[in-house]
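In what follows, a single structure is set out as structure tokens and then discussed.
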Amino acid sequence: GWMLAVATSKREDLATRIADATGIGRYFTAVAGADLTEENAGKSWVIGRALSLLKEQGVDAADAIMVGDRLHDIAGATDQGLRSVFVTWGYGPIAEGRDAAAIAHTPSQLAGFLAELAA
């Protein structure tokens with residue numbers, strides 16, 4: 001029952017092509033990324049774009065939760081008024097997750113945190 005979106009600082013057109021080429025694009029309601037000039041590539045802007053794309057699809061994202069592996073993901077979520085979960089299997093050191101609502105060390109732990117935060 002989760003609606004998923006990608007919020008990447010990579011160019012949106014490239015992120016969409018990658019998602020589609022790998023076959024995972026069908027799992028995401030929206031793919032948001034930097035604009036073609038890459039001037040709007042900050043994580044807060046990209047998360048805001050993802051929220052706008054979800055709204056265009058009729059999704060109420062008021063209770064959205066950002067899952068990320070870098071400090072920029074957590075800070076961008078905070079800037080947009082979202083809660084966040086930091087995952088340790090990505091690129092950022094665990095200290096970058098200090099401001100997240102939760103820190104997940106495994107995918108199953110992430111699922112548990114998301115269920116708790118959504119309740």
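Going through the structure tokens in order, the chains are called A, B, and so on, while each chain numbers its residues from 1 and the ligands are numbered from 1 in the order shown.
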Give me the residues of stretch 40-80 of chain A that have any atom at most 12 Å from an atom of stretch 89-95 of chain A; for each, the nearest atom pair and the distance in Å, rounded to one decimal. Use only C-alpha atoms, sort by chain and number, and format it as a tab-separated table.
```
residue	atom	partner	partner_atom	distance
A:Val67	CA	A:Gly90	CA	10.7
A:Gly68	CA	A:Gly90	CA	8.0
A:Asp69	CA	A:Gly90	CA	5.0
A:Arg70	CA	A:Gly92	CA	4.8
A:Leu71	CA	A:Gly92	CA	7.2
A:His72	CA	A:Gly92	CA	9.7
A:Asp73	CA	A:Gly92	CA	10.2
A:Ile74	CA	A:Gly92	CA	11.1
```
Q: Could you tell me, as a PyMOL selection string, which residues of chain A DSSP assigns to helix (DSSP H, G or I) when given the backbone?
A: chain A and resi 12-22+25-27+43-56+71-79+94-97+107-118
Emit the selected residues as a short mmCIF file (atom, residue, chain, number, x, y, z; two decimals), in the first residue's frame, including N, CA and C atoms.
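Listed below is the output, result.cif:
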```cif
data_model
loop_
_atom_site.label_atom_id
_atom_site.label_comp_id
_atom_site.auth_asym_id
_atom_site.auth_seq_id
_atom_site.Cartn_x
_atom_site.Cartn_y
_atom_site.Cartn_z
N GLU A 12 16.81 14.51 -13.64
CA GLU A 12 15.55 13.77 -13.64
C GLU A 12 15.38 12.91 -14.88
N ASP A 13 15.73 13.44 -16.03
CA ASP A 13 15.58 12.65 -17.26
C ASP A 13 16.44 11.39 -17.22
N LEU A 14 17.64 11.51 -16.70
CA LEU A 14 18.52 10.34 -16.61
C LEU A 14 18.01 9.35 -15.56
N ALA A 15 17.55 9.86 -14.42
CA ALA A 15 17.03 8.99 -13.36
C ALA A 15 15.83 8.20 -13.86
N THR A 16 14.97 8.84 -14.62
CA THR A 16 13.79 8.17 -15.17
C THR A 16 14.22 7.08 -16.16
N ARG A 17 15.18 7.40 -17.01
CA ARG A 17 15.67 6.41 -17.98
C ARG A 17 16.30 5.21 -17.28
N ILE A 18 17.07 5.47 -16.23
CA ILE A 18 17.70 4.37 -15.48
C ILE A 18 16.64 3.51 -14.81
N ALA A 19 15.67 4.15 -14.16
CA ALA A 19 14.60 3.39 -13.49
C ALA A 19 13.84 2.52 -14.49
N ASP A 20 13.55 3.08 -15.65
CA ASP A 20 12.82 2.32 -16.67
C ASP A 20 13.68 1.20 -17.26
N ALA A 21 14.94 1.49 -17.52
CA ALA A 21 15.83 0.50 -18.13
C ALA A 21 16.10 -0.68 -17.20
N THR A 22 16.11 -0.44 -15.91
CA THR A 22 16.36 -1.53 -14.96
C THR A 22 15.10 -2.26 -14.56
N GLY A 25 11.26 1.16 -12.54
CA GLY A 25 10.43 2.35 -12.71
C GLY A 25 8.96 2.11 -12.43
N ARG A 26 8.49 0.92 -12.71
CA ARG A 26 7.07 0.60 -12.51
C ARG A 26 6.66 0.60 -11.05
N TYR A 27 7.62 0.54 -10.14
CA TYR A 27 7.31 0.54 -8.71
C TYR A 27 7.17 1.94 -8.12
N LYS A 43 18.92 18.79 -2.50
CA LYS A 43 18.01 17.75 -2.05
C LYS A 43 16.66 18.31 -1.60
N SER A 44 16.64 19.44 -0.94
CA SER A 44 15.36 20.02 -0.53
C SER A 44 14.50 20.33 -1.75
N TRP A 45 15.09 20.92 -2.78
CA TRP A 45 14.35 21.23 -4.00
C TRP A 45 13.82 19.96 -4.65
N VAL A 46 14.68 18.93 -4.73
CA VAL A 46 14.29 17.68 -5.38
C VAL A 46 13.17 16.99 -4.60
N ILE A 47 13.25 16.99 -3.28
CA ILE A 47 12.18 16.38 -2.49
C ILE A 47 10.88 17.15 -2.70
N GLY A 48 10.97 18.47 -2.74
CA GLY A 48 9.78 19.28 -3.04
C GLY A 48 9.21 18.94 -4.40
N ARG A 49 10.08 18.71 -5.37
CA ARG A 49 9.62 18.30 -6.72
C ARG A 49 8.92 16.95 -6.65
N ALA A 50 9.49 16.01 -5.91
CA ALA A 50 8.86 14.69 -5.76
C ALA A 50 7.47 14.82 -5.14
N LEU A 51 7.36 15.66 -4.12
CA LEU A 51 6.06 15.87 -3.48
C LEU A 51 5.06 16.48 -4.46
N SER A 52 5.52 17.41 -5.29
CA SER A 52 4.64 18.01 -6.31
C SER A 52 4.19 16.98 -7.33
N LEU A 53 5.11 16.13 -7.77
CA LEU A 53 4.76 15.09 -8.74
C LEU A 53 3.75 14.10 -8.14
N LEU A 54 3.93 13.77 -6.88
CA LEU A 54 2.98 12.88 -6.22
C LEU A 54 1.60 13.53 -6.16
N LYS A 55 1.58 14.81 -5.81
CA LYS A 55 0.31 15.53 -5.74
C LYS A 55 -0.38 15.53 -7.11
N GLU A 56 0.39 15.74 -8.18
CA GLU A 56 -0.17 15.70 -9.53
C GLU A 56 -0.80 14.35 -9.85
N LEU A 71 23.47 12.67 4.61
CA LEU A 71 23.03 13.82 5.40
C LEU A 71 22.10 14.72 4.61
N HIS A 72 22.38 14.88 3.31
CA HIS A 72 21.56 15.75 2.46
C HIS A 72 20.12 15.24 2.36
N ASP A 73 19.95 13.93 2.38
CA ASP A 73 18.60 13.36 2.34
C ASP A 73 17.83 13.73 3.61
N ILE A 74 18.50 13.60 4.73
CA ILE A 74 17.86 13.88 6.02
C ILE A 74 17.58 15.38 6.15
N ALA A 75 18.54 16.22 5.79
CA ALA A 75 18.34 17.67 5.87
C ALA A 75 17.26 18.13 4.90
N GLY A 76 17.25 17.57 3.69
CA GLY A 76 16.22 17.94 2.71
C GLY A 76 14.83 17.56 3.19
N ALA A 77 14.72 16.41 3.83
CA ALA A 77 13.43 15.99 4.38
C ALA A 77 12.98 16.97 5.46
N THR A 78 13.89 17.34 6.33
CA THR A 78 13.57 18.29 7.40
C THR A 78 13.12 19.62 6.80
N ASP A 79 13.83 20.09 5.78
CA ASP A 79 13.46 21.35 5.11
C ASP A 79 12.04 21.29 4.55
N ILE A 94 27.31 6.54 9.56
CA ILE A 94 26.16 6.54 10.45
C ILE A 94 25.94 7.89 11.12
N ALA A 95 26.99 8.64 11.35
CA ALA A 95 26.85 9.96 11.99
C ALA A 95 25.97 10.89 11.17
N GLU A 96 25.89 10.69 9.87
CA GLU A 96 25.05 11.54 9.02
C GLU A 96 23.56 11.33 9.29
N GLY A 97 23.21 10.27 9.99
CA GLY A 97 21.82 9.99 10.28
C GLY A 97 21.34 10.51 11.62
N PRO A 107 17.13 -3.92 5.72
CA PRO A 107 15.85 -3.64 5.07
C PRO A 107 14.65 -4.02 5.94
N SER A 108 14.73 -5.14 6.66
CA SER A 108 13.59 -5.52 7.51
C SER A 108 13.41 -4.53 8.66
N GLN A 109 14.49 -4.01 9.18
CA GLN A 109 14.39 -2.99 10.21
C GLN A 109 13.77 -1.71 9.63
N LEU A 110 14.14 -1.35 8.42
CA LEU A 110 13.53 -0.21 7.74
C LEU A 110 12.03 -0.41 7.62
N ALA A 111 11.59 -1.57 7.19
CA ALA A 111 10.17 -1.84 7.05
C ALA A 111 9.45 -1.65 8.39
N GLY A 112 10.06 -2.11 9.47
CA GLY A 112 9.47 -1.94 10.80
C GLY A 112 9.36 -0.48 11.18
N PHE A 113 10.41 0.29 10.94
CA PHE A 113 10.38 1.73 11.26
C PHE A 113 9.31 2.44 10.44
N LEU A 114 9.20 2.11 9.16
CA LEU A 114 8.19 2.75 8.31
C LEU A 114 6.79 2.44 8.81
N ALA A 115 6.58 1.20 9.21
CA ALA A 115 5.26 0.83 9.74
C ALA A 115 4.96 1.62 11.03
N GLU A 116 5.95 1.76 11.90
CA GLU A 116 5.77 2.52 13.15
C GLU A 116 5.51 3.98 12.86
N LEU A 117 6.28 4.58 11.97
CA LEU A 117 6.13 6.00 11.66
C LEU A 117 4.80 6.28 10.98
N ALA A 118 4.31 5.33 10.20
CA ALA A 118 3.06 5.54 9.48
C ALA A 118 1.83 5.36 10.39
#
```
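Closest approach to A:Ala104 from the set A:Gly1, A:Thr88, A:Met66, A:Glu39 is made by A:Thr88, with distances taken over only C-alpha atoms.
Minimum atom-to-atom distances from A:Met3, A:Ala34, A:Val87, A:Ile103 to A:Val59 were compared using only C-alpha atoms, and the lowest value belongs to A:Met3.
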Q. DSSP on the backbone: what in chain A comes out strand (DSSP E or B), as an NGL selection string?
A. :A and (5-11 or 30-34 or 65-68 or 83-87 or 102-104)
Create the file for the chosen residues now, containing C-alpha atoms and written as an mmCIF file, in the first residue's frame.
```cif
data_model
loop_
_atom_site.group_PDB
_atom_site.id
_atom_site.type_symbol
_atom_site.label_atom_id
_atom_site.label_comp_id
_atom_site.auth_asym_id
_atom_site.auth_seq_id
_atom_site.Cartn_x
_atom_site.Cartn_y
_atom_site.Cartn_z
ATOM 1 C CA ALA A 5 8.928 8.147 -5.257
ATOM 2 C CA VAL A 6 12.561 8.697 -6.120
ATOM 3 C CA ALA A 7 14.199 11.973 -5.063
ATOM 4 C CA THR A 8 17.707 12.114 -6.509
ATOM 5 C CA SER A 9 20.128 14.929 -7.171
ATOM 6 C CA LYS A 10 20.904 13.306 -10.501
ATOM 7 C CA ARG A 11 19.194 14.778 -13.562
ATOM 8 C CA ALA A 30 7.153 9.599 -9.327
ATOM 9 C CA VAL A 31 10.820 10.046 -10.200
ATOM 10 C CA ALA A 32 12.152 13.473 -9.277
ATOM 11 C CA GLY A 33 15.611 14.818 -9.886
ATOM 12 C CA ALA A 34 17.617 17.843 -10.843
ATOM 13 C CA ILE A 65 8.703 9.645 4.928
ATOM 14 C CA MET A 66 12.102 10.168 3.306
ATOM 15 C CA VAL A 67 14.455 7.188 3.287
ATOM 16 C CA GLY A 68 18.035 8.136 2.597
ATOM 17 C CA ARG A 83 10.226 12.655 8.815
ATOM 18 C CA SER A 84 13.144 10.556 7.674
ATOM 19 C CA VAL A 85 14.843 7.221 8.152
ATOM 20 C CA PHE A 86 18.576 6.913 7.590
ATOM 21 C CA VAL A 87 19.801 3.596 6.162
ATOM 22 C CA ALA A 102 15.248 6.416 12.968
ATOM 23 C CA ILE A 103 18.373 4.649 11.734
ATOM 24 C CA ALA A 104 17.860 1.308 9.980
#
```
**Q.** Interatomic distance, atom CA of A:Leu82 to atom CA of A:His105 (Å, one decimal)
**A.** 20.5 Å
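Take the candidates A:Thr106, A:Thr29, A:Ala100, A:Ala41 and check each one against A:Gln57 using only C-alpha atoms; the shortest distance goes to A:Thr29.
Atom CA of A:Gly81 lies 19.0 Å from atom CA of A:Trp2.
Interatomic distance, atom CA of A:Asp99 to atom CA of A:Ala64: 16.6 Å.
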